[in-house]
Structure formats: structure tokens, C-alpha cells
file entry-v2.txt (compact mmCIF, C-alpha atoms and all ligand atoms)
# COMPACT_ATOMS: atom_id res chain seq x y z
CA MET A 1 0.00 0.00 0.00
CA LYS A 2 1.13 3.60 -0.62
CA ILE A 3 0.74 5.50 2.67
CA PHE A 4 1.01 9.27 3.12
CA ILE A 5 1.90 10.20 6.72
CA THR A 6 2.24 13.68 8.20
CA GLY A 7 4.29 14.48 11.31
CA THR A 8 6.90 11.85 10.52
CA THR A 9 9.91 13.73 11.89
CA SER A 10 9.19 12.74 15.49
CA GLY A 11 6.86 10.97 17.89
CA ILE A 12 3.91 8.89 16.74
CA GLY A 13 4.14 9.84 13.05
CA ARG A 14 7.81 8.83 12.88
CA GLN A 15 7.15 5.46 14.53
CA LEU A 16 4.16 4.84 12.25
CA ALA A 17 6.31 5.62 9.19
CA LEU A 18 9.08 3.28 10.41
CA ASP A 19 6.61 0.47 11.15
CA TYR A 20 4.81 0.71 7.80
CA HIS A 21 8.10 1.00 5.91
CA GLU A 22 9.49 -2.04 7.74
CA SER A 23 6.43 -4.07 6.80
CA GLY A 24 6.98 -3.31 3.12
CA HIS A 25 4.61 -0.42 2.43
CA ALA A 26 5.60 2.59 0.32
CA VAL A 27 5.63 5.46 2.81
CA ILE A 28 5.57 9.13 1.81
CA ALA A 29 6.84 10.88 4.94
CA VAL A 30 5.99 14.55 5.53
CA GLY A 31 7.43 17.05 8.00
CA ARG A 32 9.44 20.25 8.28
CA SER A 33 12.74 19.08 9.78
CA ALA A 34 15.13 18.44 6.89
CA THR A 35 17.56 16.53 9.14
CA ALA A 36 14.93 14.14 10.43
CA LEU A 37 13.51 13.63 6.93
CA LYS A 38 16.97 12.85 5.59
CA ALA A 39 17.29 10.05 8.15
CA LEU A 40 14.00 8.57 6.88
CA ALA A 41 15.07 9.00 3.24
CA ASN A 42 18.30 7.15 4.05
CA GLN A 43 16.14 4.21 5.09
CA GLY A 44 14.44 4.23 1.69
CA MET A 45 11.31 6.28 2.31
CA HIS A 46 10.01 8.98 0.00
CA THR A 47 10.05 12.25 1.93
CA LEU A 48 8.44 15.63 1.46
CA GLU A 49 9.70 18.67 3.35
CA LEU A 50 6.58 20.75 3.79
CA ASP A 51 5.01 23.12 6.31
CA LEU A 52 1.34 22.14 6.14
CA LEU A 53 0.41 25.60 7.43
CA ASP A 54 1.99 27.14 4.32
CA ARG A 55 -1.05 27.23 2.04
CA GLU A 56 0.79 28.05 -1.18
CA ALA A 57 3.41 25.33 -0.64
CA THR A 58 0.71 22.79 0.27
CA LEU A 59 -1.29 23.61 -2.87
CA ARG A 60 1.84 23.44 -5.02
CA ASN A 61 3.22 20.20 -3.56
CA LEU A 62 0.01 18.30 -2.87
CA THR A 63 -3.38 19.60 -4.04
CA ASP A 64 -2.27 20.72 -7.50
CA ARG A 65 -0.71 17.30 -8.10
CA ASN A 66 -3.83 15.27 -7.37
CA ASP A 67 -4.90 12.97 -10.19
CA PHE A 68 -8.55 13.60 -9.28
CA ASP A 69 -10.74 16.72 -9.18
CA MET A 70 -11.10 18.54 -5.87
CA THR A 71 -14.78 19.19 -6.54
CA PHE A 72 -15.40 21.00 -3.28
CA LEU A 73 -12.22 23.08 -3.09
CA MET A 74 -13.10 26.73 -2.35
CA ASP A 75 -10.95 29.77 -2.86
CA VAL A 76 -10.00 31.65 0.30
CA GLN A 77 -12.23 34.66 -0.52
CA ALA A 78 -15.34 32.45 -0.82
CA ALA A 79 -14.44 30.64 2.44
CA SER A 80 -13.89 33.94 4.25
CA GLN A 81 -17.24 35.24 2.97
CA ALA A 82 -19.05 32.07 4.15
CA ILE A 83 -17.52 32.40 7.64
CA ARG A 84 -18.38 36.12 7.96
CA LYS A 85 -21.93 35.48 6.72
CA GLY A 86 -22.38 32.72 9.31
CA ILE A 87 -21.09 34.96 12.13
CA GLU A 88 -23.35 37.84 11.03
CA LYS A 89 -26.34 35.47 11.10
CA LYS A 90 -25.25 34.33 14.59
CA GLN A 91 -25.19 30.72 13.40
CA ALA A 92 -24.11 28.22 16.06
CA GLU A 93 -22.42 26.18 13.35
CA ILE A 94 -20.81 27.42 10.14
CA HIS A 95 -20.26 24.79 7.48
CA PHE A 96 -19.42 24.98 3.81
CA PRO A 97 -19.51 24.20 0.94
CA LYS A 98 -23.08 23.08 1.58
CA LYS A 99 -23.12 20.42 -1.16
CA LEU A 100 -20.33 18.63 0.71
CA THR A 101 -21.31 19.33 4.30
CA TRP A 102 -24.99 18.38 3.96
CA GLY A 103 -23.85 15.17 2.26
CA MET A 104 -21.50 14.41 5.16
CA LYS A 105 -24.22 15.15 7.69
CA ALA A 106 -26.54 12.75 5.85
CA VAL A 107 -23.85 10.04 5.89
CA ALA A 108 -23.30 10.62 9.63
CA LEU A 109 -26.98 9.76 10.23
CA LEU A 110 -26.42 6.25 8.88
CA PRO A 111 -25.63 3.40 11.27
CA ARG A 112 -21.90 3.25 12.06
CA SER A 113 -21.39 -0.01 10.17
CA LEU A 114 -22.73 1.60 6.97
CA TRP A 115 -20.65 4.78 7.05
CA ALA A 116 -17.58 2.80 8.11
CA ALA A 117 -18.08 0.58 5.04
CA LEU A 118 -18.38 3.69 2.84
CA ALA A 119 -15.18 5.11 4.35
CA ARG A 120 -13.36 1.83 3.76
CA ARG A 121 -14.30 1.97 0.06
CA MET A 122 -12.44 5.29 -0.17
CA VAL A 123 -9.15 3.66 0.85
CA THR A 124 -7.20 2.46 -2.16
CA SER A 125 -3.95 0.57 -2.26
N1 LIG B 201 2.15 11.48 22.18
C1 LIG B 201 0.98 11.25 22.76
O1 LIG B 201 0.88 10.62 23.83
C2 LIG B 201 -0.29 11.72 22.11
C3 LIG B 201 -1.53 11.28 22.60
C4 LIG B 201 -2.71 11.69 21.96
C5 LIG B 201 -2.67 12.57 20.89
N2 LIG B 201 -1.45 13.00 20.44
C6 LIG B 201 -1.45 13.89 19.28
O2 LIG B 201 -0.85 13.20 18.20
C7 LIG B 201 -0.07 14.12 17.40
C8 LIG B 201 1.37 13.64 17.31
O3 LIG B 201 1.89 13.54 18.63
P1 LIG B 201 3.45 13.33 18.87
O4 LIG B 201 3.65 13.05 20.31
O5 LIG B 201 3.95 12.34 17.88
O6 LIG B 201 3.96 14.81 18.55
P2 LIG B 201 5.39 15.33 18.05
O7 LIG B 201 6.45 14.37 18.41
O8 LIG B 201 5.49 16.76 18.50
O9 LIG B 201 5.26 15.31 16.46
C9 LIG B 201 4.56 16.29 15.76
C10 LIG B 201 4.90 16.13 14.31
O10 LIG B 201 4.11 17.05 13.55
C11 LIG B 201 4.96 17.72 12.61
N3 LIG B 201 4.42 19.05 12.35
C12 LIG B 201 4.04 19.98 13.27
N4 LIG B 201 3.61 21.10 12.65
C13 LIG B 201 3.73 20.85 11.30
C14 LIG B 201 3.45 21.63 10.15
N5 LIG B 201 2.98 22.88 10.23
N6 LIG B 201 3.65 21.08 8.93
C15 LIG B 201 4.14 19.81 8.81
N7 LIG B 201 4.42 19.02 9.89
C16 LIG B 201 4.22 19.55 11.10
C17 LIG B 201 6.31 17.78 13.32
O11 LIG B 201 7.34 17.80 12.37
P3 LIG B 201 8.22 19.08 12.00
O12 LIG B 201 8.48 19.86 13.24
O13 LIG B 201 9.45 18.50 11.33
O14 LIG B 201 7.36 19.81 11.03
C18 LIG B 201 6.35 16.42 14.01
O15 LIG B 201 6.83 15.42 13.12
C19 LIG B 201 -0.21 15.49 18.08
O16 LIG B 201 -1.25 16.21 17.44
C20 LIG B 201 -0.60 15.14 19.50
O17 LIG B 201 -1.34 16.18 20.09
C21 LIG B 201 -0.28 12.59 21.01

call {"tool": "encode", "arguments": {"input": "entry-v2.txt", "output": "C-alpha cells", "more": "lines below"}}
Ligand SMILES: NC(=O)c1ccc[n+]([C@@H]2O[C@H](COP(=O)([O-])OP(=O)(O)OC[C@H]3O[C@@H](n4cnc5c(N)ncnc54)[C@H](OP(=O)(O)O)[C@@H]3O)[C@@H](O)[C@H]2O)c1
result
Amino acid sequence: MKIFITGTTSGIGRQLALDYHESGHAVIAVGRSATALKALANQGMHTLELDLLDREATLRNLTDRNDFDMTFLMDVQAASQAIRKGIEKKQAEIHFPKKLTWGMKAVALLPRSLWAALARRMVTS
């Protein structure tokens, strides 16, 4: 299986990456520390030095390289507008884009075994 893991430069993420790599999976290890990533690369893992809080770098290195459409991706202006509108309306919960969030809410109403089966179908090897 090809497994993408964030936070692999220390702690739980690092151990998870080591364990999956050792059991023969193709790990893509993400983090910010170049030194720690180099140690993982030396063991044969693919590494990606990336600050996930850096929106532009994340779009460039990940989102833009997807081989599928990000149907529900919103630009930051539209997201900001949706949040401000929700606050102005004193909404207890602000969620968007509605086509995605209403769908997720509908799925969450299903029995756990059903939505767990749907989630499992989204995992590909
Ligand atoms: N350890 C526990 O007992 C425990 C229990 C329950 C929940 N958790 C949660 O599980 C998560 C991992 O815990 P941990 O103990 O393994 O923590 P950790 O050792 O501090 O590891 C955090 C990892 O996240 C990476 N990271 C942080 N900010 C990042 C960013 N902006 N972009 C990319 N990578 C970033 C760090 O790598 P770089 O600094 O190289 O970017 C590091 O590899 C944390 O959210 C923690 O709250 C931990």
C-alpha cells in the first residue's frame, strides 16, 4: 500500500512511518525538519519537506498534483465570505460548501457499520 503520513519527523508519526516502511509499504513521509527527513530518506522512504500551514506550498506540492478533481475546493475569498456570513447570522455552526457538508451530515446519520463501510471503500492501495 502507498501511505502518506504527516508528522513523521518525530513521535507517533515517525514510529508509524518506520513500522509501515518495515512491513513493506511505500511510505511518503511529511514534516518540516530536513535533518529528520533525511534520516527517513536514508532508510528508503520517500520524503516531502513541507510546512502544512503554508497554504501556497501545500497547494503546489500536494493539491495541484492530485490525479482527481477537488470538486469541493473553495478559494479563500469564498471561504472567508461564508464564515463572515455565518457569524453575522449568529449561526451556532458554520459549514461549507453546503453540497459537501450536507452530504456528510446525511452520511453521519447512517448506522456506524454503513458509514464505516463507505469510508473503507475510499481507501485504495
Ligand atoms: N504522544 C501522545 O501521547 C499523544 C496522545 C494523543 C494525541 N497526540 C497527538 O498526536 C499528534 C502527534 O503527537 P506526537 O507526540 O507524535 O507529537 P510530536 O512528536 O510533537 O510530532 C509532531 C509532528 O508534527 C509535525 N508538524 C508539526 N507542525 C507541522 C506543520 N505545520 N507542517 C508539517 N508538519 C508539522 C512535526 O514535524 P516538524 O516539526 O518537522 O514539522 C512532528 O513530526 C499530536 O497532534 C498530538 O497532540 C499525542

call {"tool": "closest_residue", "arguments": {"input": "entry-v2.txt", "among": "A:Val27, A:Leu48, A:Ile3, A:Ala106", "to": "ligand LIG 201 (chain B)", "atoms": "all atoms listed in the file"}}
result
A:Leu48

call {"tool": "closest_residue", "arguments": {"input": "entry-v2.txt", "among": "A:Met45, A:Asp51, A:Gln15, A:Ala82", "to": "ligand LIG 201 (chain B)", "atoms": "only C-alpha atoms and all ligand atoms"}}
result
A:Asp51

call {"tool": "residues_near_ligand", "arguments": {"input": "entry-v2.txt", "ligand": "ligand LIG 201 (chain B)", "cutoff": "12 Å", "atoms": "only C-alpha atoms and all ligand atoms", "output": "number ranges by chain"}}
result
A: 5-17, 29-40, 47-55, 57-58

call {"tool": "atom_distance", "arguments": {"input": "entry-v2.txt", "atom1": "atom CA of A:Pro97", "atom2": "atom CA of A:Asp75"}}
result
10.9 Å

call {"tool": "closest_residue", "arguments": {"input": "entry-v2.txt", "among": "A:Trp102, A:Tyr20, A:Phe96, A:Phe68", "to": "A:Phe4", "atoms": "all atoms listed in the file"}}
result
A:Tyr20

call {"tool": "atom_distance", "arguments": {"input": "entry-v2.txt", "atom1": "atom CA of A:Gly24", "atom2": "atom CA of A:Met1"}}
result
8.3 Å

call {"tool": "atom_distance", "arguments": {"input": "entry-v2.txt", "atom1": "atom CA of A:Asp69", "atom2": "atom CA of A:Ala116"}}
result
23.2 Å

call {"tool": "closest_residue", "arguments": {"input": "entry-v2.txt", "among": "A:His95, A:Gln43, A:Lys89, A:Arg65", "to": "A:Glu22", "atoms": "all atoms listed in the file"}}
result
A:Gln43
